[in-house]
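J.: Can you read through this structure? Questions will come right after.
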Amino acid sequence: MSVEAVFTALADSTRRLVLQRVAERGDVTATELAADLPVSRQAVSKHLDALGAAGLILGSKVGREVQYRVTPEPLTGAVRWMLEVGSEWDERVTRLRSLLQADDGYGVT
Amino acid sequence: MELHEEPKVVRRIEIELGPDRVWEIVTGALGDWLGGDIEIDLRPGGKIDFSATQRREGVVEEYEPGRRLVWRWWEAGDQDGATDTVVELVIGEANRGSLLTITETRSPAWTWELIETTWIDPPSSHPGGILALAR
């Protein structure tokens, strides 16, 4: 597995969320994930493809649906770290934006 | 396997305020947005105590007022650097104001662990195996 491919796959915050959900729930389909996330089933499928290409998740066919689970790779230590630290910074950035928002002439893009 | 980078987390925020003002807000109220009471001595070598709410402590490594702040922190009580990470805040000018870039990087010690656990079977083209790839 390429470490760079993992970084690229995890660069997108929605994709990190998708991965987190797959890790949390295990054996989950794109439809189930889409019901749980603020994105379309089509978008979820694209994220699942990218995560699969990076070797982070595996899909297996069950009936007409594909069930996904995280890949039991040693790399998950680093991936878990990136997910946890990433969500910590997401929270901090949200708080920082509020602080900046309170300042005159504010605007955050 | 290519290894260009250590594991890291990066967040970039564009702000429609001048870099000086952003710096004042970011460093003036660190605890307010980092999430808990933090004591930080803003100079190289200055101590960071974030243990009351986040069980972390650390040290300022670089301090360039108005531009850049780098600190190293770890889980409170950790003596051997096993949980060290480095946080860098950089503020620069952007089209519509400022760009704040936040980067948290795992220390080389952790990266070694990562390499050793992922690179289980070094190919013969790299006789040095793990060492050859990491350097």
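In the structure tokens, chains take the letters A, B, ... in the order shown, each chain's residues start at 1, and ligands count up from 1 in the order shown.
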With only C-alpha atoms as the counted atoms, please give the residues lying no more than 7 Å from segment 57-69 of chain A, apart from itself and same-chain residues fewer than 6 positions off, as a PyMOL selection string.
T.: chain A and resi 22-23+26-29+51
J.: According to DSSP computed on the backbone, where in segment 3-79 of chain A is there strand (DSSP E)? Give the residues as an MDAnalysis selection string.
T.: chainID A and resid 28:29 57:62 65:70
J.: With only C-alpha atoms as the atoms that count, which of B:Trp74, B:Trp23, B:Tyr63, B:Trp33 lies nearest to chain A?
T.: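 Using only C-alpha atoms, chain A sits closest to B:Trp33.
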J.: Restricting the calculation to only C-alpha atoms: of A:Ala50, A:Ala35, A:Leu96, A:Met82, which residue gets closest to Thr105 of chain B?
T.: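 Between A:Ala50, A:Ala35, A:Leu96, A:Met82, the residue approaching Thr105 of chain B most closely is A:Met82.
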J.: Calculate how many Å separate atom CA of Ala29 of chain B from atom CA of Ile13 of chain B, rounding to one decimal.
T.: 17.0 Å
J.: I need the residues in chain A that are alpha helix (DSSP H) according to DSSP; give them as a count of residues only.
T.: 66
J.: Compile the contact shell of Arg15 of chain A as an MDAnalysis selection string: residues with an atom at most 12 Å away, counting only C-alpha atoms, same-chain residues fewer than 4 positions apart removed.
T.: chainID A and resid 6:11 19:22 33 37:39 43:52 54 56:57 83
J.: Quick one: residues within 7 Å of segment 84-99 of chain B, only C-alpha atoms, excluding same-chain residues fewer than 5 positions away - as a VMD selection string?
T.: chain B and resid 12 to 19 67 to 74 104 to 107
J.: Under the rule that only C-alpha atoms are counted, which of A:Arg80, A:Arg97, A:Arg41, A:Arg92 is the nearest residue to chain B?
T.: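 Nearest candidate to chain B out of A:Arg80, A:Arg97, A:Arg41, A:Arg92: A:Arg92.
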J.: Identify, on the basis of only C-alpha atoms, every residue whose closest approach to Ser51 of chain B does not exceed 9 Å; exclude the query and any residue fewer than 2 positions from it along the same chain; express the result as a PyMOL selection string.
T.: chain B and resi 37-38+48-49+53-57+75-76
J.: The selected residues should be written to file as a PDB file, in the first residue's frame (atoms: N, CA, C and O atoms).
T.:
```pdb
ATOM      1  N   ASP B  37      -8.206  25.233  29.069  1.00  0.00           N
ATOM      2  CA  ASP B  37      -7.222  26.145  29.649  1.00  0.00           C
ATOM      3  C   ASP B  37      -5.828  25.749  29.210  1.00  0.00           C
ATOM      4  O   ASP B  37      -5.428  24.611  29.376  1.00  0.00           O
ATOM      5  N   ILE B  38      -5.111  26.700  28.655  1.00  0.00           N
ATOM      6  CA  ILE B  38      -3.742  26.410  28.240  1.00  0.00           C
ATOM      7  C   ILE B  38      -2.840  27.529  28.731  1.00  0.00           C
ATOM      8  O   ILE B  38      -3.188  28.705  28.672  1.00  0.00           O
ATOM      9  N   ILE B  48       4.587  24.778  27.759  1.00  0.00           N
ATOM     10  CA  ILE B  48       3.155  24.726  27.490  1.00  0.00           C
ATOM     11  C   ILE B  48       2.534  23.761  28.484  1.00  0.00           C
ATOM     12  O   ILE B  48       2.989  22.633  28.629  1.00  0.00           O
ATOM     13  N   ASP B  49       1.520  24.246  29.195  1.00  0.00           N
ATOM     14  CA  ASP B  49       0.794  23.369  30.107  1.00  0.00           C
ATOM     15  C   ASP B  49      -0.667  23.341  29.670  1.00  0.00           C
ATOM     16  O   ASP B  49      -1.406  24.305  29.816  1.00  0.00           O
ATOM     17  N   THR B  53      -7.139  20.361  31.027  1.00  0.00           N
ATOM     18  CA  THR B  53      -8.313  19.896  30.304  1.00  0.00           C
ATOM     19  C   THR B  53      -7.995  18.896  29.199  1.00  0.00           C
ATOM     20  O   THR B  53      -8.831  18.083  28.834  1.00  0.00           O
ATOM     21  N   GLN B  54      -6.775  18.951  28.652  1.00  0.00           N
ATOM     22  CA  GLN B  54      -6.474  18.097  27.503  1.00  0.00           C
ATOM     23  C   GLN B  54      -5.378  17.071  27.787  1.00  0.00           C
ATOM     24  O   GLN B  54      -4.951  16.349  26.892  1.00  0.00           O
ATOM     25  N   ARG B  55      -4.889  17.035  29.007  1.00  0.00           N
ATOM     26  CA  ARG B  55      -3.836  16.089  29.385  1.00  0.00           C
ATOM     27  C   ARG B  55      -2.644  16.141  28.438  1.00  0.00           C
ATOM     28  O   ARG B  55      -2.125  15.116  28.012  1.00  0.00           O
ATOM     29  N   ARG B  56      -2.266  17.371  28.088  1.00  0.00           N
ATOM     30  CA  ARG B  56      -1.104  17.525  27.211  1.00  0.00           C
ATOM     31  C   ARG B  56      -0.157  18.553  27.800  1.00  0.00           C
ATOM     32  O   ARG B  56      -0.580  19.484  28.479  1.00  0.00           O
ATOM     33  N   GLU B  57       1.111  18.387  27.506  1.00  0.00           N
ATOM     34  CA  GLU B  57       2.090  19.410  27.842  1.00  0.00           C
ATOM     35  C   GLU B  57       3.089  19.492  26.701  1.00  0.00           C
ATOM     36  O   GLU B  57       3.141  18.575  25.864  1.00  0.00           O
ATOM     37  N   GLU B  75       1.531  13.634  25.385  1.00  0.00           N
ATOM     38  CA  GLU B  75       0.597  13.299  26.459  1.00  0.00           C
ATOM     39  C   GLU B  75       1.272  13.560  27.795  1.00  0.00           C
ATOM     40  O   GLU B  75       2.407  13.135  27.996  1.00  0.00           O
ATOM     41  N   ALA B  76       0.553  14.256  28.684  1.00  0.00           N
ATOM     42  CA  ALA B  76       1.129  14.630  29.974  1.00  0.00           C
ATOM     43  C   ALA B  76       1.724  13.402  30.654  1.00  0.00           C
ATOM     44  O   ALA B  76       1.086  12.358  30.736  1.00  0.00           O
TER      45      ALA B  76
END
```
J.: Here is a test: counting only C-alpha atoms, which residue of B:Ala82, B:Leu34, B:Thr103, B:Thr27 is nearest to chain A?
T.: B:Leu34
J.: Using only C-alpha atoms for the distances, tell me which of A:Ala30, A:Arg25, A:Gln42, A:Asp12 is nearest to chain B.
T.: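 Nearest to chain B: A:Asp12.
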J.: What does the distance between atom CA of Glu24 of chain A and atom CA of Gly36 of chain B come to in Å, to one decimal place?
T.: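 Separating atom CA of Glu24 of chain A from atom CA of Gly36 of chain B is a distance of 27.2 Å.
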